[in-house]
2 protein chains.
Amino acid sequence: MKKILLLFEMPESQRQELKKIAPEYEWTTTLVPSDDTVEIVYGWSPEFGTMLKDGGFKGVCWIQFPYAGVNQLPLALLGKRQIMLTNGSGIHTSSMTEVLFGHLLSYTRSFKKYTLSQQAHQWAYNEWSFDFVDKTMLVIGAGKIGQEVARVAKAFHMHVLGINRSGNKVENFEMIYPMKDLQNILPGADIVVNILPLTEETTHLYDSALFHQMKKGVLFVNMGRGQSVVTNDLVYALESGHVAFAGLDVFEQEPLPKDHPLWDMAQVSITPHIGGVVENYPKHIFAIFKENLKAYQRSQPLVRNCVDLKLGY
Amino acid sequence: MKKILLLFEMPESQRQELKKIAPEYEWTTTLVPSDDTVEIVYGWSPEFGTMLKDGGFKGVCWIQFPYAGVNQLPLALLGKRQIMLTNGSGIHTSSMTEVLFGHLLSYTRSFKKYTLSQQAHQWAYNEWSFDFVDKTMLVIGAGKIGQEVARVAKAFHMHVLGINRSGNKVENFEMIYPMKDLQNILPGADIVVNILPLTEETTHLYDSALFHQMKKGVLFVNMGRGQSVVTNDLVYALESGHVAFAGLDVFEQEPLPKDHPLWDMAQVSITPHIGGVVENYPKHIFAIFKENLKAYQRSQPLVRNCVDLKLGY
């Protein structure tokens, strides 16, 4: 009997449901690399990755990865073995958006400062603010998440521009530009948001040169991947004041080392990679899996979140 | 020559502009209570209020108050002396909205917690979150500000209900209910926001009984007036866990006393009455004043933000 390997949390209610809709499969949670009856993998683990590299699990046809970023998976190997990969892209659109605006407001309405004042029982009124109204936000990596970010930014009366690979229109954006126009668009933005996936091209994209093409006093938020930023260059741009604020959910090295200078910077807001934290995550990933499974059972192309193994997203 | 008394910041560029559009007026910043040639007052000061009470400034016809809440002005006196009052209502719609979401995100995405972790150089990942998606927000006091709050809440995929005096429809709300339905609507809300002005009816509206009509685990944000809340009852509701979180921009006593228990509560976010802080405030209030002045010069009714002296807003 064919098997589905379970490497991600699946509550009992979901197991019951799957028994009904996929009675032709057995379920296992045990990693036996010589078991070539495993056809579908729900989830992922580093151990499984290693066994795959070592030539195990010869029968695997499809992996449903539970998260969005697949940059740590052996994509070339999957391609060589013709294993289909689907991911959890889209589940995090709302959480990413909420965390992004939390970072911005921690600075623009001084919430970081006021949290510290509260700890000291200090009523520290100040008249400074950075209003969202009429500011320009540039979203670099305008896709599903960017579309949600833009919806909220628009509701806050911002102008929202986007950059993506194709330059093709995306809902909620005033304008979308292709990546090659980045240098021209950058100086006009009051807020720059990175949501790019990590690929060869986006590794260390944000370096000293790019930060200095931004407007002086720009707010920068990184919700994509830490490796897209040359961290030392960002620290320097913050120290010089060219970048007024950085909201960072991702870092080149995670956890961020205890002695890193970013921790102590008043103009930096740090969260420990929480953009993907969603209430009741298993419910969302299971919904995607079910849709794909239905197609898979009919030998049709998978319908949700197919990863292009060459592009890496 | 008739005079305009200036009691609010007016940059030189605005003074130049006014010279052109109102050449029939002189300008003064000096408080001389026996000066009955003062016809228009731009701004307000407690000293001016006292002089008015003492029967000074007999020629005043119109006061352009720069802020929204007029509860501290001698409204009965103004009524008796038939002085028209316009206020700064509407200027703060965006700042109020931004501060409100800052409070919410400080809890729902743990920004308050992460600010404190950052101070301690701690990478304190946790999987808890309160997603905005599909939550119900109840805005008590659905007017101009509520309309903006609802726009953003909708963009975050919340359901937004409102309560106002009339129960009349307001843009961006799914439903509006009249004040008398408050008790029925309250238990369905995940988030309760107070933006009511302070009047006799709204003083100490939020007491133990009302907090306990809310859903257990509710998030409460007060962006209206501190005196609408019985603070001790709120502290008790927070301690018992019935109210999971309170975001407070206003307090019964401001500044909040140093030894108040609210300061030390992890589930409370405190800002020092910053809902009205707007970038370049003088620009916004001057724009309202100019429109009203044009009507005033033609002896037409004032067009922007006329305060009903009986209703108090």
# chains A, B, ... in the order shown; residues from 1 in each chain; ligands from 1
>>> closest_atom_pairs(of="range 208-287 of chain A", to="range 26-43 of chain A", cutoff="12 Å", atoms="only C-alpha atoms", output="CSV")
residue,atom,partner,partner_atom,distance
A:Pro282,CA,A:Gly43,CA,10.7
A:Ile285,CA,A:Gly43,CA,9.6
A:Phe286,CA,A:Tyr42,CA,9.1
>>> select_by_dssp(residues="range 63-302 of chain B", states="alpha helix (DSSP H)", output="VMD selection string")
chain B and resid 75 to 80 93 to 108 111 to 119 144 to 155 182 to 185 208 to 213 231 to 239 281 to 297
>>> closest_atom_pairs(of="chain A", to="chain B", cutoff="6 Å", atoms="only C-alpha atoms", output="tab-separated table")
residue	atom	partner	partner_atom	distance
A:Gly102	CA	B:Leu105	CA	5.5
A:Leu105	CA	B:Gly102	CA	5.5
A:Gln118	CA	B:Trp263	CA	5.7
A:His121	CA	B:Lys258	CA	5.6
A:Trp123	CA	B:Pro272	CA	5.8
A:Tyr125	CA	B:Pro272	CA	5.4
A:Glu127	CA	B:Val277	CA	6.0
A:Ser129	CA	B:Glu279	CA	5.9
A:Val152	CA	B:Ala155	CA	5.2
A:Ala155	CA	B:Val152	CA	5.2
A:Lys258	CA	B:His121	CA	5.6
A:Trp263	CA	B:Gln118	CA	5.7
A:Pro272	CA	B:Tyr125	CA	5.4
A:Val277	CA	B:Glu127	CA	5.9
A:Glu279	CA	B:Ser129	CA	5.9
>>> closest_residue(among="A:Ala287, A:Leu248, A:Met10, A:Leu85", to="Ala68 in chain A", atoms="only C-alpha atoms")
A:Leu85
>>> atom_distance(atom1="CA of Phe173 in chain B", atom2="CA of Ile191 in chain B")
14.4 Å
>>> atom_distance(atom1="CA of Val70 in chain B", atom2="CA of Arg225 in chain B")
11.3 Å
>>> residues_around(residues="Lys290 in chain A", least_positions_apart="3", cutoff="12 Å", atoms="only C-alpha atoms", output="PyMOL selection string")
chain A and resi 14-15+17-22+42+64+86+282-287+293-297+302-304
>>> residues_around(residues="Gln213 in chain B", least_positions_apart="3", cutoff="9 Å", atoms="only C-alpha atoms", output="list of chain:residue names")
B:Gln183, B:Asn184, B:Leu186, B:Pro187, B:Ser208, B:Ala209, B:Leu210, B:Lys216
>>> write_last_selection(atoms="all heavy atoms", output="PDB file, in the first residue's frame")
ATOM      1  N   GLN B 183     -25.532  46.856  24.907  1.00  0.00           N
ATOM      2  CA  GLN B 183     -25.469  45.633  25.718  1.00  0.00           C
ATOM      3  C   GLN B 183     -25.631  44.362  24.882  1.00  0.00           C
ATOM      4  O   GLN B 183     -25.057  43.326  25.203  1.00  0.00           O
ATOM      5  CB  GLN B 183     -26.578  45.656  26.785  1.00  0.00           C
ATOM      6  CG  GLN B 183     -26.800  47.029  27.401  1.00  0.00           C
ATOM      7  CD  GLN B 183     -26.261  47.127  28.810  1.00  0.00           C
ATOM      8  OE1 GLN B 183     -26.101  46.110  29.473  1.00  0.00           O
ATOM      9  NE2 GLN B 183     -25.956  48.329  29.254  1.00  0.00           N
ATOM     10  N   ASN B 184     -26.421  44.451  23.820  1.00  0.00           N
ATOM     11  CA  ASN B 184     -26.647  43.275  22.981  1.00  0.00           C
ATOM     12  C   ASN B 184     -25.475  42.982  22.045  1.00  0.00           C
ATOM     13  O   ASN B 184     -25.208  41.831  21.724  1.00  0.00           O
ATOM     14  CB  ASN B 184     -27.898  43.466  22.122  1.00  0.00           C
ATOM     15  CG  ASN B 184     -29.110  43.761  22.974  1.00  0.00           C
ATOM     16  OD1 ASN B 184     -29.225  43.252  24.086  1.00  0.00           O
ATOM     17  ND2 ASN B 184     -29.997  44.611  22.464  1.00  0.00           N
ATOM     18  N   LEU B 186     -22.236  44.031  22.419  1.00  0.00           N
ATOM     19  CA  LEU B 186     -20.953  43.916  23.112  1.00  0.00           C
ATOM     20  C   LEU B 186     -20.396  42.488  23.199  1.00  0.00           C
ATOM     21  O   LEU B 186     -19.205  42.273  22.929  1.00  0.00           O
ATOM     22  CB  LEU B 186     -21.111  44.518  24.520  1.00  0.00           C
ATOM     23  CG  LEU B 186     -19.923  45.238  25.122  1.00  0.00           C
ATOM     24  CD1 LEU B 186     -19.254  46.177  24.152  1.00  0.00           C
ATOM     25  CD2 LEU B 186     -20.366  45.980  26.370  1.00  0.00           C
ATOM     26  N   PRO B 187     -21.204  41.480  23.553  1.00  0.00           N
ATOM     27  CA  PRO B 187     -20.629  40.142  23.761  1.00  0.00           C
ATOM     28  C   PRO B 187     -20.028  39.520  22.501  1.00  0.00           C
ATOM     29  O   PRO B 187     -19.235  38.591  22.594  1.00  0.00           O
ATOM     30  CB  PRO B 187     -21.830  39.308  24.242  1.00  0.00           C
ATOM     31  CG  PRO B 187     -22.828  40.305  24.715  1.00  0.00           C
ATOM     32  CD  PRO B 187     -22.643  41.506  23.859  1.00  0.00           C
ATOM     33  N   SER B 208     -17.518  48.118  35.756  1.00  0.00           N
ATOM     34  CA  SER B 208     -17.422  46.679  35.962  1.00  0.00           C
ATOM     35  C   SER B 208     -18.509  45.915  35.201  1.00  0.00           C
ATOM     36  O   SER B 208     -18.236  44.912  34.537  1.00  0.00           O
ATOM     37  CB  SER B 208     -17.540  46.385  37.449  1.00  0.00           C
ATOM     38  OG  SER B 208     -16.623  45.410  37.800  1.00  0.00           O
ATOM     39  N   ALA B 209     -19.727  46.413  35.310  1.00  0.00           N
ATOM     40  CA  ALA B 209     -20.846  45.730  34.661  1.00  0.00           C
ATOM     41  C   ALA B 209     -20.625  45.655  33.148  1.00  0.00           C
ATOM     42  O   ALA B 209     -20.814  44.604  32.531  1.00  0.00           O
ATOM     43  CB  ALA B 209     -22.149  46.464  34.971  1.00  0.00           C
ATOM     44  N   LEU B 210     -20.202  46.770  32.546  1.00  0.00           N
ATOM     45  CA  LEU B 210     -20.022  46.792  31.094  1.00  0.00           C
ATOM     46  C   LEU B 210     -18.849  45.910  30.661  1.00  0.00           C
ATOM     47  O   LEU B 210     -18.940  45.172  29.682  1.00  0.00           O
ATOM     48  CB  LEU B 210     -19.830  48.228  30.594  1.00  0.00           C
ATOM     49  CG  LEU B 210     -20.240  48.422  29.132  1.00  0.00           C
ATOM     50  CD1 LEU B 210     -21.755  48.385  28.983  1.00  0.00           C
ATOM     51  CD2 LEU B 210     -19.691  49.719  28.563  1.00  0.00           C
ATOM     52  N   LYS B 216     -15.155  37.195  27.206  1.00  0.00           N
ATOM     53  CA  LYS B 216     -13.940  36.912  27.991  1.00  0.00           C
ATOM     54  C   LYS B 216     -12.737  36.884  27.034  1.00  0.00           C
ATOM     55  O   LYS B 216     -12.789  36.245  25.990  1.00  0.00           O
ATOM     56  CB  LYS B 216     -14.066  35.567  28.706  1.00  0.00           C
ATOM     57  CG  LYS B 216     -12.905  35.312  29.672  1.00  0.00           C
ATOM     58  CD  LYS B 216     -13.124  34.120  30.571  1.00  0.00           C
ATOM     59  CE  LYS B 216     -11.803  33.579  31.114  1.00  0.00           C
ATOM     60  NZ  LYS B 216     -10.914  34.605  31.695  1.00  0.00           N
TER      61      LYS B 216
END
>>> closest_residue(among="B:Pro74, B:Thr202, B:Phe65, B:Leu219", to="Thr136 in chain B", atoms="only C-alpha atoms")
B:Leu219
>>> select_by_dssp(residues="range 114-246 of chain A", states="strand (DSSP E or B)", output="number ranges by chain")
A: 136-140, 159-164, 175-178, 191-194, 206, 218-222, 229, 243-246
>>> closest_residue(among="A:Gly224, A:Pro178, A:Gly188, A:Gly167", to="Thr203 in chain A", atoms="only C-alpha atoms")
A:Gly224
>>> atom_distance(atom1="CA of Phe48 in chain B", atom2="CA of Tyr25 in chain B")
19.6 Å
>>> residues_around(residues="Gly312 in chain B", least_positions_apart="2", cutoff="12 Å", atoms="only C-alpha atoms", output="list in words")
Ala68, Gly69, Val70, Asn71, Gln72, Leu73, Pro74, Leu75, Ala76, Leu78, Gly79, Leu85, Thr86, Asn87, Leu196, Pro197, Leu198, Thr199, Glu200, Glu201, Thr202, Cys306, Val307, Asp308, Leu309 and Lys310 of chain B
>>> closest_residue(among="B:Thr231, B:Ala244, B:Thr93, B:Gln147", to="Val192 in chain B", atoms="only C-alpha atoms")
B:Ala244
>>> residues_around(residues="Gln82 in chain A", least_positions_apart="5", cutoff="9 Å", atoms="only C-alpha atoms", output="list in words")
Cys61, Trp62 and Leu77 of chain A
>>> write_last_selection(atoms="all heavy atoms", output="compact mmCIF listing (two decimals), in the first residue's frame")
# COMPACT_ATOMS: atom_id res chain seq x y z
N CYS A 61 7.05 11.29 -4.82
CA CYS A 61 6.64 12.05 -5.99
C CYS A 61 6.34 13.51 -5.67
O CYS A 61 6.42 14.39 -6.51
CB CYS A 61 5.38 11.45 -6.61
SG CYS A 61 5.64 9.82 -7.27
N TRP A 62 5.89 13.73 -4.42
CA TRP A 62 5.39 15.09 -4.10
C TRP A 62 5.65 15.39 -2.63
O TRP A 62 5.38 14.57 -1.76
CB TRP A 62 3.89 15.14 -4.43
CG TRP A 62 3.15 16.31 -3.83
CD1 TRP A 62 3.61 17.58 -3.65
CD2 TRP A 62 1.82 16.30 -3.31
NE1 TRP A 62 2.64 18.37 -3.08
CE2 TRP A 62 1.51 17.61 -2.85
CE3 TRP A 62 0.82 15.33 -3.20
CZ2 TRP A 62 0.30 17.95 -2.28
CZ3 TRP A 62 -0.39 15.67 -2.64
CH2 TRP A 62 -0.66 16.98 -2.19
N LEU A 77 18.34 18.81 -6.14
CA LEU A 77 18.12 17.37 -5.94
C LEU A 77 16.67 17.00 -6.25
O LEU A 77 16.39 16.01 -6.94
CB LEU A 77 18.46 17.00 -4.49
CG LEU A 77 18.17 15.56 -4.07
CD1 LEU A 77 19.17 14.62 -4.74
CD2 LEU A 77 18.21 15.39 -2.55
